[in-house]
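Engineer: Data: start.cif, mmCIF, C-alpha atoms.
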```cif
data_data
#
loop_
_atom_site.label_atom_id
_atom_site.label_comp_id
_atom_site.auth_asym_id
_atom_site.auth_seq_id
_atom_site.Cartn_x
_atom_site.Cartn_y
_atom_site.Cartn_z
CA MET A 1 0.00 0.00 0.00
CA LYS A 2 2.86 2.34 0.86
CA THR A 3 4.41 1.73 -2.56
CA ILE A 4 1.18 2.65 -4.32
CA LYS A 5 0.98 5.87 -2.33
CA ILE A 6 4.56 6.84 -3.19
CA MET A 7 4.06 5.91 -6.85
CA THR A 8 0.89 7.98 -7.06
CA ILE A 9 2.50 11.04 -5.52
CA MET A 10 5.51 10.71 -7.83
CA LEU A 11 3.35 10.42 -10.95
CA VAL A 12 1.22 13.40 -9.98
CA LEU A 13 4.34 15.48 -9.33
CA LEU A 14 5.84 14.34 -12.63
CA PHE A 15 2.80 15.53 -14.54
CA ALA A 16 2.68 18.84 -12.72
CA VAL A 17 6.35 19.42 -13.52
CA ALA A 18 5.81 18.46 -17.18
CA LEU A 19 2.92 20.92 -17.59
CA PHE A 20 4.79 23.72 -15.83
CA GLY A 21 7.93 22.87 -17.81
CA GLN A 22 6.32 23.63 -21.18
CA GLU A 23 6.12 27.32 -20.31
CA GLU A 24 9.44 27.33 -18.52
CA SER A 25 11.24 25.75 -21.48
CA LEU A 26 10.27 28.72 -23.67
CA LYS A 27 11.58 31.16 -21.09
CA LYS A 28 14.86 29.24 -20.95
CA ASN A 29 15.21 29.30 -24.74
CA PRO A 30 18.24 31.47 -25.64
CA GLY A 31 16.15 33.33 -28.24
CA TYR A 32 13.55 34.42 -25.68
CA PHE A 33 13.67 37.92 -24.26
CA ASN A 34 11.27 38.95 -21.52
CA LEU A 35 9.23 41.95 -22.63
CA ASP A 36 6.74 41.76 -19.73
CA ASN A 37 8.09 44.83 -17.91
CA ILE A 38 7.47 47.08 -20.92
CA ARG A 39 3.74 47.22 -20.18
CA THR A 40 4.32 49.12 -16.94
CA THR A 41 5.76 52.07 -18.90
CA PHE A 42 2.48 52.70 -20.71
CA SER A 43 -0.85 53.57 -19.18
CA ASP A 44 -2.84 52.50 -22.27
CA GLU A 45 -3.25 49.03 -23.69
CA PRO A 46 -1.15 48.18 -26.77
CA THR A 47 -2.67 49.27 -30.09
CA LEU A 48 -1.36 46.08 -31.65
CA GLU A 49 -0.72 42.81 -29.87
CA ILE A 50 0.48 39.53 -31.31
CA ASN A 51 1.20 36.59 -29.05
CA LEU A 52 1.63 33.23 -30.75
CA GLU A 53 3.12 30.04 -29.38
CA GLY A 54 3.90 26.42 -30.24
CA PHE A 55 0.79 24.56 -31.26
CA LEU A 56 -1.01 27.49 -32.88
CA LEU A 57 2.08 28.16 -35.03
CA SER A 58 2.23 24.47 -36.01
CA MET A 59 -1.44 24.56 -36.97
CA ALA A 60 -0.86 27.70 -39.05
CA ALA A 61 2.09 25.92 -40.72
CA SER A 62 -0.11 22.95 -41.60
CA ALA A 63 -2.80 25.27 -42.95
CA THR A 64 -0.38 27.05 -45.33
CA LYS A 65 1.63 24.00 -46.43
CA VAL A 66 -0.06 23.69 -49.82
CA ALA A 67 -0.74 27.30 -50.76
CA GLU A 68 2.44 28.90 -49.35
CA PRO A 69 5.09 26.23 -48.66
CA ASP A 70 7.85 28.77 -47.95
CA LEU A 71 5.71 30.48 -45.31
CA ALA A 72 4.85 27.04 -43.85
CA GLU A 73 8.57 26.33 -43.55
CA VAL A 74 9.13 29.57 -41.61
CA LEU A 75 6.12 28.88 -39.38
CA ASP A 76 7.29 25.33 -38.72
CA ASN A 77 10.58 26.67 -37.38
CA LEU A 78 9.06 29.32 -35.12
CA LEU A 79 8.38 28.71 -31.42
CA TYR A 80 7.11 32.09 -30.29
CA VAL A 81 6.10 35.40 -31.81
CA ARG A 82 5.32 38.40 -29.66
CA VAL A 83 4.71 41.91 -30.94
CA GLU A 84 3.36 44.89 -29.02
CA ARG A 85 2.87 48.40 -30.32
CA TYR A 86 1.97 51.34 -28.09
CA ASP A 87 1.02 54.94 -28.77
CA LEU A 88 3.88 57.17 -27.75
CA PRO A 89 2.86 60.46 -26.15
CA ARG A 90 5.35 63.31 -26.56
CA ASP A 91 6.05 63.49 -22.82
CA LYS A 92 6.92 59.78 -22.69
CA ARG A 93 9.40 59.80 -25.55
CA ASP A 94 12.53 60.48 -23.49
CA GLU A 95 11.53 57.92 -20.84
CA VAL A 96 10.92 55.21 -23.48
CA GLN A 97 14.15 56.08 -25.28
CA GLY A 98 16.02 55.73 -21.97
CA LYS A 99 14.38 52.39 -21.21
CA ASN A 100 15.16 51.09 -24.69
CA GLY A 101 18.79 52.07 -24.11
CA GLU A 102 18.78 50.07 -20.85
CA LEU A 103 17.22 47.06 -22.58
CA ALA A 104 19.85 47.35 -25.33
CA LYS A 105 22.61 47.21 -22.70
CA LYS A 106 20.96 44.13 -21.19
CA LEU A 107 20.78 42.48 -24.61
CA ASP A 108 24.47 43.28 -25.23
CA LYS A 109 25.36 41.66 -21.91
CA GLU A 110 23.30 38.56 -22.66
CA GLY A 111 25.19 37.84 -25.87
CA TRP A 112 22.74 39.29 -28.41
CA GLU A 113 24.23 40.83 -31.55
CA ARG A 114 23.13 44.27 -32.57
CA VAL A 115 22.56 44.25 -36.32
CA VAL A 116 20.72 47.53 -36.75
CA ARG A 117 20.92 50.76 -34.82
CA VAL A 118 19.34 53.74 -36.48
CA ARG A 119 18.72 57.17 -35.06
CA GLU A 120 17.38 59.26 -37.81
CA ASN A 121 14.87 62.08 -37.72
CA GLU A 122 12.44 60.82 -35.09
CA ASP A 123 13.05 57.10 -35.63
CA ASP A 124 15.08 55.18 -33.10
CA VAL A 125 15.48 51.52 -33.98
CA TYR A 126 17.38 48.60 -32.46
CA VAL A 127 17.40 45.14 -34.02
CA TYR A 128 19.18 42.34 -32.21
CA LEU A 129 19.82 38.75 -33.26
CA LYS A 130 20.77 35.84 -31.01
CA PRO A 131 23.27 33.45 -32.58
CA GLU A 132 23.55 29.89 -31.30
CA ASN A 133 25.60 27.14 -32.98
CA LYS A 134 25.85 29.13 -36.22
CA LYS A 135 22.08 29.64 -36.32
CA ILE A 136 19.85 32.55 -35.45
CA VAL A 137 17.52 31.51 -32.63
CA GLY A 138 15.98 34.84 -31.67
CA ILE A 139 15.19 38.37 -32.86
CA VAL A 140 14.41 41.39 -30.69
CA VAL A 141 13.15 44.64 -32.21
CA MET A 142 12.69 47.89 -30.32
CA ALA A 143 11.53 50.61 -32.65
CA ILE A 144 10.37 54.13 -31.91
CA GLU A 145 8.40 54.84 -35.08
CA GLY A 146 8.52 58.58 -35.70
CA SER A 147 6.61 60.66 -33.20
CA LYS A 148 3.58 58.42 -32.86
CA SER A 149 4.34 54.90 -31.67
CA VAL A 150 6.83 52.42 -30.34
CA LEU A 151 7.00 48.73 -31.20
CA PHE A 152 8.60 45.80 -29.37
CA ALA A 153 8.99 42.34 -30.84
CA ASN A 154 10.56 39.03 -29.86
CA ILE A 155 10.64 36.10 -32.25
CA VAL A 156 11.97 32.74 -31.07
CA GLY A 157 12.84 29.76 -33.23
CA ASN A 158 15.17 28.60 -35.95
CA ILE A 159 15.29 31.79 -38.00
CA ASP A 160 16.71 32.30 -41.49
CA PRO A 161 17.05 36.10 -41.92
CA ASP A 162 17.36 35.80 -45.72
CA GLN A 163 14.15 33.81 -45.97
CA ILE A 164 12.36 36.30 -43.70
CA GLY A 165 13.72 39.15 -45.80
CA ARG A 166 12.51 37.53 -49.04
CA LEU A 167 9.04 36.80 -47.64
CA GLY A 168 8.83 40.22 -46.00
CA ASN A 169 9.37 41.94 -49.33
CA ARG A 170 6.61 39.87 -50.91
CA TRP A 171 3.77 41.22 -48.77
CA ASP A 172 2.41 44.71 -48.44
CA LEU A 173 2.30 45.82 -44.81
CA ASN A 174 -0.62 48.21 -45.30
CA HIS A 175 -2.67 45.52 -47.01
CA LEU A 176 -1.94 43.07 -44.16
CA ASP A 177 -2.84 45.76 -41.62
CA SER A 178 -6.28 46.13 -43.21
CA ALA A 179 -6.73 42.36 -43.43
CA ARG A 180 -5.90 41.97 -39.73
CA TRP A 181 -8.36 44.68 -38.70
CA GLU A 182 -11.06 43.23 -40.93
CA SER A 183 -10.47 39.73 -39.55
CA ARG A 184 -10.63 40.93 -35.93
CA ARG A 185 -13.74 43.03 -36.61
CA ARG A 186 -15.54 39.96 -37.98
CA ARG A 187 -14.80 37.99 -34.82
CA MET B 1 -37.68 -28.17 30.59
CA LYS B 2 -39.45 -31.22 32.10
CA SER B 3 -38.86 -34.72 30.66
CA THR B 4 -41.82 -35.74 28.51
CA SER B 5 -41.56 -39.47 29.38
CA LYS B 6 -42.93 -38.94 32.94
CA LYS B 7 -46.42 -37.80 33.91
CA TRP B 8 -46.43 -34.08 34.78
CA THR B 9 -47.20 -33.01 38.40
CA CYS B 10 -49.18 -29.87 39.33
CA SER B 11 -45.91 -28.18 40.25
CA ASP B 12 -44.48 -28.93 36.78
CA VAL B 13 -47.61 -27.56 35.09
CA GLN B 14 -47.74 -24.36 37.18
CA ASP B 15 -44.02 -23.70 36.55
CA ASN B 16 -44.68 -23.75 32.80
CA ILE B 17 -48.14 -22.18 32.76
CA GLU B 18 -47.02 -18.80 31.34
CA ALA B 19 -45.01 -20.45 28.60
CA TYR B 20 -48.12 -22.55 27.84
CA LEU B 21 -50.24 -19.43 27.48
CA ASP B 22 -47.62 -17.90 25.16
CA THR B 23 -47.54 -21.21 23.18
CA ALA B 24 -43.81 -21.12 23.68
CA LEU B 25 -43.48 -24.87 24.54
CA PRO B 26 -42.91 -27.82 22.24
CA GLU B 27 -46.10 -29.40 20.85
CA GLN B 28 -45.76 -32.54 23.02
CA GLU B 29 -45.49 -30.56 26.29
CA MET B 30 -48.39 -28.36 25.25
CA GLN B 31 -50.50 -31.54 24.89
CA LEU B 32 -49.37 -32.91 28.30
CA ILE B 33 -50.30 -29.66 30.09
CA LYS B 34 -53.65 -29.56 28.27
CA LEU B 35 -54.46 -33.14 29.37
CA HIS B 36 -53.36 -32.44 32.97
CA VAL B 37 -55.47 -29.27 33.28
CA GLN B 38 -58.58 -31.08 32.01
CA ASP B 39 -58.44 -33.47 35.04
CA CYS B 40 -56.94 -31.12 37.70
CA HIS B 41 -59.23 -28.45 39.28
CA GLY B 42 -56.33 -26.73 41.08
CA CYS B 43 -54.34 -26.27 37.89
CA GLN B 44 -57.55 -25.17 36.05
CA GLY B 45 -57.85 -22.32 38.60
CA GLU B 46 -54.20 -21.40 38.21
CA LEU B 47 -54.57 -21.37 34.41
CA LYS B 48 -57.65 -19.11 34.57
CA LEU B 49 -55.86 -16.74 36.97
CA ALA B 50 -52.83 -16.60 34.69
CA GLN B 51 -55.12 -15.92 31.67
CA ARG B 52 -56.84 -13.06 33.52
CA ILE B 53 -53.49 -11.51 34.53
CA GLN B 54 -52.22 -11.73 30.96
CA GLN B 55 -55.39 -10.14 29.54
CA SER B 56 -55.27 -7.38 32.14
CA LEU B 57 -51.66 -6.64 31.27
CA ARG B 58 -52.54 -6.49 27.57
CA THR B 59 -55.28 -3.94 28.17
CA LEU B 60 -52.90 -1.56 30.01
CA PRO B 61 -52.05 1.53 27.91
CA PRO B 62 -48.49 1.53 26.58
CA LYS B 63 -46.17 3.72 28.62
CA PRO B 64 -44.20 6.16 26.49
CA CYS B 65 -40.44 5.93 26.54
CA PRO B 66 -38.91 8.91 28.42
CA GLU B 67 -37.36 11.57 26.14
CA VAL B 68 -34.00 11.23 27.90
CA VAL B 69 -33.83 7.53 27.06
CA THR B 70 -34.83 8.10 23.39
CA SER B 71 -32.31 10.90 22.77
CA SER B 72 -29.48 9.16 24.56
CA THR B 73 -30.16 5.91 22.67
CA LEU B 74 -30.21 7.73 19.29
CA ALA B 75 -27.04 9.64 20.23
CA ALA B 76 -25.34 6.38 21.12
CA VAL B 77 -26.33 4.86 17.76
CA ARG B 78 -25.07 7.92 15.87
CA GLN B 79 -21.80 7.90 17.81
CA GLN B 80 -21.33 4.23 17.07
CA ARG B 81 -21.91 4.83 13.34
CA TYR B 82 -19.48 7.80 13.32
CA ALA B 83 -16.87 5.77 15.20
CA LYS B 84 -17.21 3.02 12.60
CA TRP B 85 -16.56 5.49 9.71
CA ARG B 86 -13.75 7.21 11.57
CA ASN B 87 -12.04 3.92 12.26
CA ALA B 88 -12.35 2.91 8.62
CA LEU B 89 -10.80 6.22 7.51
CA LEU B 90 -8.10 6.24 10.16
CA HIS B 91 -7.07 2.76 9.30
CA LYS B 92 -6.58 4.00 5.71
CA ARG B 93 -8.50 1.12 4.27
CA VAL B 94 -10.72 3.51 2.34
CA TRP B 95 -8.82 6.62 1.37
CA ARG B 96 -5.61 5.03 0.16
CA PRO B 97 -7.17 2.97 -2.61
CA ALA B 98 -9.61 5.82 -3.32
CA LEU B 99 -6.77 8.33 -3.69
CA ALA B 100 -4.68 5.94 -5.74
CA GLY B 101 -7.65 5.14 -7.97
CA ALA B 102 -8.52 8.81 -8.49
CA SER B 103 -4.90 9.70 -9.31
CA PHE B 104 -4.56 6.89 -11.82
CA LEU B 105 -7.84 7.84 -13.41
CA LEU B 106 -6.67 11.44 -13.74
CA LEU B 107 -3.35 10.35 -15.22
CA ALA B 108 -5.09 8.01 -17.61
CA LEU B 109 -7.38 10.82 -18.79
CA LEU B 110 -4.43 13.17 -19.26
CA LEU B 111 -2.48 10.55 -21.19
CA LEU B 112 -5.44 9.68 -23.38
CA ASP B 113 -5.97 13.36 -24.07
CA ARG B 114 -2.30 13.70 -25.08
CA VAL B 115 -2.28 10.59 -27.26
CA PHE B 116 -5.54 11.29 -29.06
CA TRP B 117 -5.23 15.06 -29.07
CA HIS B 118 -4.73 15.37 -32.80
CA ASP B 119 -7.66 13.12 -33.57
CA THR B 120 -10.16 14.99 -31.45
CA ALA B 121 -11.39 18.57 -31.74
CA PRO B 122 -8.42 20.97 -32.13
CA PRO B 123 -7.98 23.58 -29.38
CA TYR B 124 -8.02 26.42 -31.94
CA SER B 125 -10.71 27.26 -34.45
CA SER B 126 -9.94 27.74 -38.15
CA GLU B 127 -10.55 31.48 -37.67
CA GLU B 128 -7.89 31.63 -34.95
CA VAL B 129 -5.42 29.74 -37.16
CA ALA B 130 -6.14 32.09 -40.09
CA LEU B 131 -5.62 35.07 -37.80
CA ALA B 132 -2.35 33.60 -36.52
CA GLU B 133 -1.20 33.20 -40.12
CA LEU B 134 -2.05 36.86 -40.81
CA ASP B 135 -0.24 37.92 -37.62
CA VAL B 136 2.93 36.07 -38.62
CA LYS B 137 2.75 37.49 -42.15
CA TRP B 138 2.37 40.96 -40.68
CA THR B 139 5.39 40.41 -38.41
CA ILE B 140 7.54 39.13 -41.27
CA ALA B 141 6.42 42.00 -43.52
CA TYR B 142 7.23 44.46 -40.74
CA LEU B 143 10.73 42.97 -40.40
CA GLY B 144 11.16 43.12 -44.19
CA ASN B 145 10.01 46.72 -44.20
CA LEU B 146 12.36 47.55 -41.35
CA GLY B 147 15.20 45.87 -43.25
CA LYS B 148 14.43 47.91 -46.34
CA LYS B 149 14.16 51.12 -44.36
CA THR B 150 17.32 50.56 -42.34
CA GLY B 151 19.10 49.31 -45.46
CA VAL B 152 18.30 52.62 -47.13
CA THR B 153 19.34 54.49 -44.03
CA VAL B 154 22.63 52.61 -43.71
CA ARG B 155 23.30 53.04 -47.41
CA ASP B 156 22.57 56.78 -47.21
CA GLN B 157 24.66 57.16 -44.09
CA VAL B 158 27.62 55.29 -45.57
CA LEU B 159 27.38 56.31 -49.21
CA GLU B 160 26.61 59.99 -48.72
CA PRO B 161 29.72 61.07 -46.79
CA GLU B 162 32.08 58.32 -48.03
CA VAL B 163 31.25 58.04 -51.75
CA VAL B 164 28.75 60.60 -53.04
CA ALA B 165 30.25 63.68 -51.38
CA PRO B 166 33.87 62.98 -52.52
CA LEU B 167 32.61 62.28 -56.03
CA GLN B 168 30.69 65.53 -56.08
CA GLU B 169 33.81 67.34 -54.77
CA ALA B 170 35.93 65.72 -57.46
CA LEU B 171 33.41 66.60 -60.17
CA ARG B 172 33.22 70.19 -58.99
CA ALA B 173 37.01 70.39 -59.03
CA VAL B 174 37.11 68.99 -62.59
CA ILE B 175 34.35 71.32 -63.79
CA GLY B 176 36.04 74.29 -62.06
CA SER B 177 39.41 73.65 -63.66
CA GLU B 178 37.84 73.26 -67.11
CA ASN B 179 36.08 76.59 -66.67
CA GLU B 180 39.40 78.25 -65.76
CA HIS B 181 40.93 77.00 -69.02
#
```
For this file, write the structure as structure tokens.
Structural biologist:
Amino acid sequence: MKTIKIMTIMLVLLFAVALFGQEESLKKNPGYFNLDNIRTTFSDEPTLEINLEGFLLSMAASATKVAEPDLAEVLDNLLYVRVERYDLPRDKRDEVQGKNGELAKKLDKEGWERVVRVRENEDDVYVYLKPENKKIVGIVVMAIEGSKSVLFANIVGNIDPDQIGRLGNRWDLNHLDSARWESRRRR
Amino acid sequence: MKSTSKKWTCSDVQDNIEAYLDTALPEQEMQLIKLHVQDCHGCQGELKLAQRIQQSLRTLPPKPCPEVVTSSTLAAVRQQRYAKWRNALLHKRVWRPALAGASFLLLALLLLDRVFWHDTAPPYSSEEVALAELDVKWTIAYLGNLGKKTGVTVRDQVLEPEVVAPLQEALRAVIGSENEH
């Protein structure tokens, strides 16, 4: 009887650890960068929010396999996509710029490679890549877009920048913006 | 109980007279007493007296049981029942197999759910999948756009001071010297 009790407790613990581990494994992925603290800087909700993980990305990959095989390949290799865009009030600009600078320092320390740094007119953009075993496993974008908004993104997975560049040039951002709004409105 | 082989005396009959009235004796003894009473006037009187006493007792109204006795008896029964359950639980004869059974059932359900997940209803609707596809396309297009924009910016930043400006200087110098001639 004692053995059954011990076995039961062990199995229950094992399952609890496995379920908890799924989320923890993403956070331990070298391409993951925690953007949770950004929310506290802004009083309003993000104007754009994308948060996609594992199984949903796999399902999207399966759905596009026939019509867009190259997109399916990208989706198959992604583990996590998070994008948040906030309105940027004039009085917050310096604070956000300062915080982005701090985040950039943190990324530098954690072994991320800065591939883009642009300060031009009112744009202030950082793009970081995380290399691991000669592959790119993560992208972080922090972009102050003119005087109106700021965008943060973290993409985790096996990333081919060339492939993303090719696909990115194929689609029109404005058209996709409208399609997203239309799709959300219908829901 | 008197031996049935001997003839019963008056004393034997009167000792068993109440059992006779209650028909609580074996058939043979009932017959012996009946035969004895038919011939014995003394025992006939005793039998009639015993019958009268029994009838009088039956006609007495039933006396209710005092409340104290009822409540204490019920409390004792309840306590006994509770003690029985408590002992069963404390001796772990019930909860151990129940807990083990419930845990295994839960694990089995979780495992079945995992194994047959893809064959049952998916956790996301087709609309959600389509929206996820649009979201990823948007993100990739944004990165492409950013690449284009920063590419232009980098090119302008590098080419303008390093290549275009010296060329313009050189051209101006050439044009200036030709004009002097």
Engineer: Using all atoms listed in the file, which chain B residues lie at most 6 Å away from chain A, written as a PyMOL selection string?
Structural biologist: chain B and resi 129+133+138+140-141+144
Engineer: Store the residues picked out above in a file with C-alpha atoms, as an mmCIF file, keeping the file's coordinate frame.
Structural biologist:
```
data_model
loop_
_atom_site.group_PDB
_atom_site.id
_atom_site.type_symbol
_atom_site.label_atom_id
_atom_site.label_comp_id
_atom_site.auth_asym_id
_atom_site.auth_seq_id
_atom_site.Cartn_x
_atom_site.Cartn_y
_atom_site.Cartn_z
ATOM 1 C CA VAL B 129 -5.420 29.740 -37.160
ATOM 2 C CA GLU B 133 -1.200 33.200 -40.120
ATOM 3 C CA TRP B 138 2.370 40.960 -40.680
ATOM 4 C CA ILE B 140 7.540 39.130 -41.270
ATOM 5 C CA ALA B 141 6.420 42.000 -43.520
ATOM 6 C CA GLY B 144 11.160 43.120 -44.190
#
```
Engineer: Work out how far apart CA of Leu129 (chain A) and CA of Glu113 (chain A) are and give it in Å to one decimal.
Structural biologist: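 Atom-to-atom, CA of Leu129 (chain A) and CA of Glu113 (chain A) are spaced 5.2 Å apart.
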Engineer: Between B:Leu60, B:Ile175, B:Val37, B:Ala100, single out the one closest to Tyr20 (chain B), counting only C-alpha atoms.
Structural biologist: B:Val37
Engineer: Starting from the shown file, work through the PyMOL selection byres ((chain B and resi 41-47) around 12) and note down what comes out as a PyMOL selection string.
Structural biologist: chain B and resi 8-21+33-40+48-54
Engineer: With distances taken over all atoms listed in the file, which of B:Arg81, B:Ala173, B:Pro61, B:Thr139 is nearest to Glu84 (chain A)?
Structural biologist: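 That would be B:Thr139, the residue with the smallest distance to Glu84 (chain A).
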Engineer: Report, in Å to a single decimal, how far apart CA of Asp36 (chain A) and CA of Ser149 (chain A) are.
Structural biologist: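 Value for the CA of Ser149 (chain A)-CA of Asp36 (chain A) distance: 17.9 Å.
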Engineer: Could region 126-151 of chain B be completed with N, CA and C atoms and written as a JSON list (two decimals), in the coordinates of the input, please?
Structural biologist:
```
[["chain", "number", "residue", "atom", "x", "y", "z"],
["B", 126, "SER", "N", -10.58, 27.39, -36.87],
["B", 126, "SER", "CA", -9.94, 27.74, -38.15],
["B", 126, "SER", "C", -9.75, 29.25, -38.26],
["B", 127, "GLU", "N", -10.67, 30.00, -37.65],
["B", 127, "GLU", "CA", -10.55, 31.48, -37.67],
["B", 127, "GLU", "C", -9.30, 31.92, -36.91],
["B", 128, "GLU", "N", -9.07, 31.27, -35.76],
["B", 128, "GLU", "CA", -7.89, 31.63, -34.95],
["B", 128, "GLU", "C", -6.60, 31.29, -35.70],
["B", 129, "VAL", "N", -6.62, 30.15, -36.39],
["B", 129, "VAL", "CA", -5.42, 29.74, -37.16],
["B", 129, "VAL", "C", -5.18, 30.73, -38.30],
["B", 130, "ALA", "N", -6.28, 31.13, -38.98],
["B", 130, "ALA", "CA", -6.14, 32.09, -40.09],
["B", 130, "ALA", "C", -5.60, 33.42, -39.57],
["B", 131, "LEU", "N", -6.07, 33.81, -38.39],
["B", 131, "LEU", "CA", -5.62, 35.07, -37.80],
["B", 131, "LEU", "C", -4.14, 34.97, -37.40],
["B", 132, "ALA", "N", -3.75, 33.81, -36.88],
["B", 132, "ALA", "CA", -2.35, 33.60, -36.52],
["B", 132, "ALA", "C", -1.46, 33.70, -37.76],
["B", 133, "GLU", "N", -1.95, 33.14, -38.86],
["B", 133, "GLU", "CA", -1.20, 33.20, -40.12],
["B", 133, "GLU", "C", -1.02, 34.67, -40.56],
["B", 134, "LEU", "N", -2.11, 35.43, -40.45],
["B", 134, "LEU", "CA", -2.05, 36.86, -40.81],
["B", 134, "LEU", "C", -1.07, 37.60, -39.89],
["B", 135, "ASP", "N", -1.12, 37.26, -38.60],
["B", 135, "ASP", "CA", -0.24, 37.92, -37.62],
["B", 135, "ASP", "C", 1.24, 37.66, -37.95],
["B", 136, "VAL", "N", 1.53, 36.40, -38.29],
["B", 136, "VAL", "CA", 2.93, 36.07, -38.62],
["B", 136, "VAL", "C", 3.34, 36.77, -39.91],
["B", 137, "LYS", "N", 2.44, 36.79, -40.89],
["B", 137, "LYS", "CA", 2.75, 37.49, -42.15],
["B", 137, "LYS", "C", 3.03, 38.96, -41.88],
["B", 138, "TRP", "N", 2.20, 39.54, -41.01],
["B", 138, "TRP", "CA", 2.37, 40.96, -40.68],
["B", 138, "TRP", "C", 3.76, 41.18, -40.04],
["B", 139, "THR", "N", 4.10, 40.27, -39.10],
["B", 139, "THR", "CA", 5.39, 40.41, -38.41],
["B", 139, "THR", "C", 6.55, 40.29, -39.39],
["B", 140, "ILE", "N", 6.46, 39.32, -40.29],
["B", 140, "ILE", "CA", 7.54, 39.13, -41.27],
["B", 140, "ILE", "C", 7.61, 40.34, -42.21],
["B", 141, "ALA", "N", 6.43, 40.83, -42.63],
["B", 141, "ALA", "CA", 6.42, 42.00, -43.52],
["B", 141, "ALA", "C", 7.00, 43.22, -42.80],
["B", 142, "TYR", "N", 6.70, 43.34, -41.51],
["B", 142, "TYR", "CA", 7.23, 44.46, -40.74],
["B", 142, "TYR", "C", 8.76, 44.38, -40.69],
["B", 143, "LEU", "N", 9.27, 43.15, -40.44],
["B", 143, "LEU", "CA", 10.73, 42.97, -40.40],
["B", 143, "LEU", "C", 11.34, 43.28, -41.77],
["B", 144, "GLY", "N", 10.67, 42.83, -42.83],
["B", 144, "GLY", "CA", 11.16, 43.12, -44.19],
["B", 144, "GLY", "C", 11.19, 44.61, -44.44],
["B", 145, "ASN", "N", 10.12, 45.28, -44.02],
["B", 145, "ASN", "CA", 10.01, 46.72, -44.20],
["B", 145, "ASN", "C", 11.10, 47.45, -43.43],
["B", 146, "LEU", "N", 11.33, 46.97, -42.21],
["B", 146, "LEU", "CA", 12.36, 47.55, -41.35],
["B", 146, "LEU", "C", 13.73, 47.36, -42.00],
["B", 147, "GLY", "N", 13.93, 46.17, -42.58],
["B", 147, "GLY", "CA", 15.20, 45.87, -43.25],
["B", 147, "GLY", "C", 15.42, 46.82, -44.42],
["B", 148, "LYS", "N", 14.33, 47.01, -45.19],
["B", 148, "LYS", "CA", 14.43, 47.91, -46.34],
["B", 148, "LYS", "C", 14.77, 49.33, -45.87],
["B", 149, "LYS", "N", 14.01, 49.75, -44.86],
["B", 149, "LYS", "CA", 14.16, 51.12, -44.36],
["B", 149, "LYS", "C", 15.56, 51.34, -43.79],
["B", 150, "THR", "N", 16.00, 50.40, -42.96],
["B", 150, "THR", "CA", 17.32, 50.56, -42.34],
["B", 150, "THR", "C", 18.42, 50.36, -43.38],
["B", 151, "GLY", "N", 18.14, 49.50, -44.38],
["B", 151, "GLY", "CA", 19.10, 49.31, -45.46],
["B", 151, "GLY", "C", 19.34, 50.62, -46.19]]
```
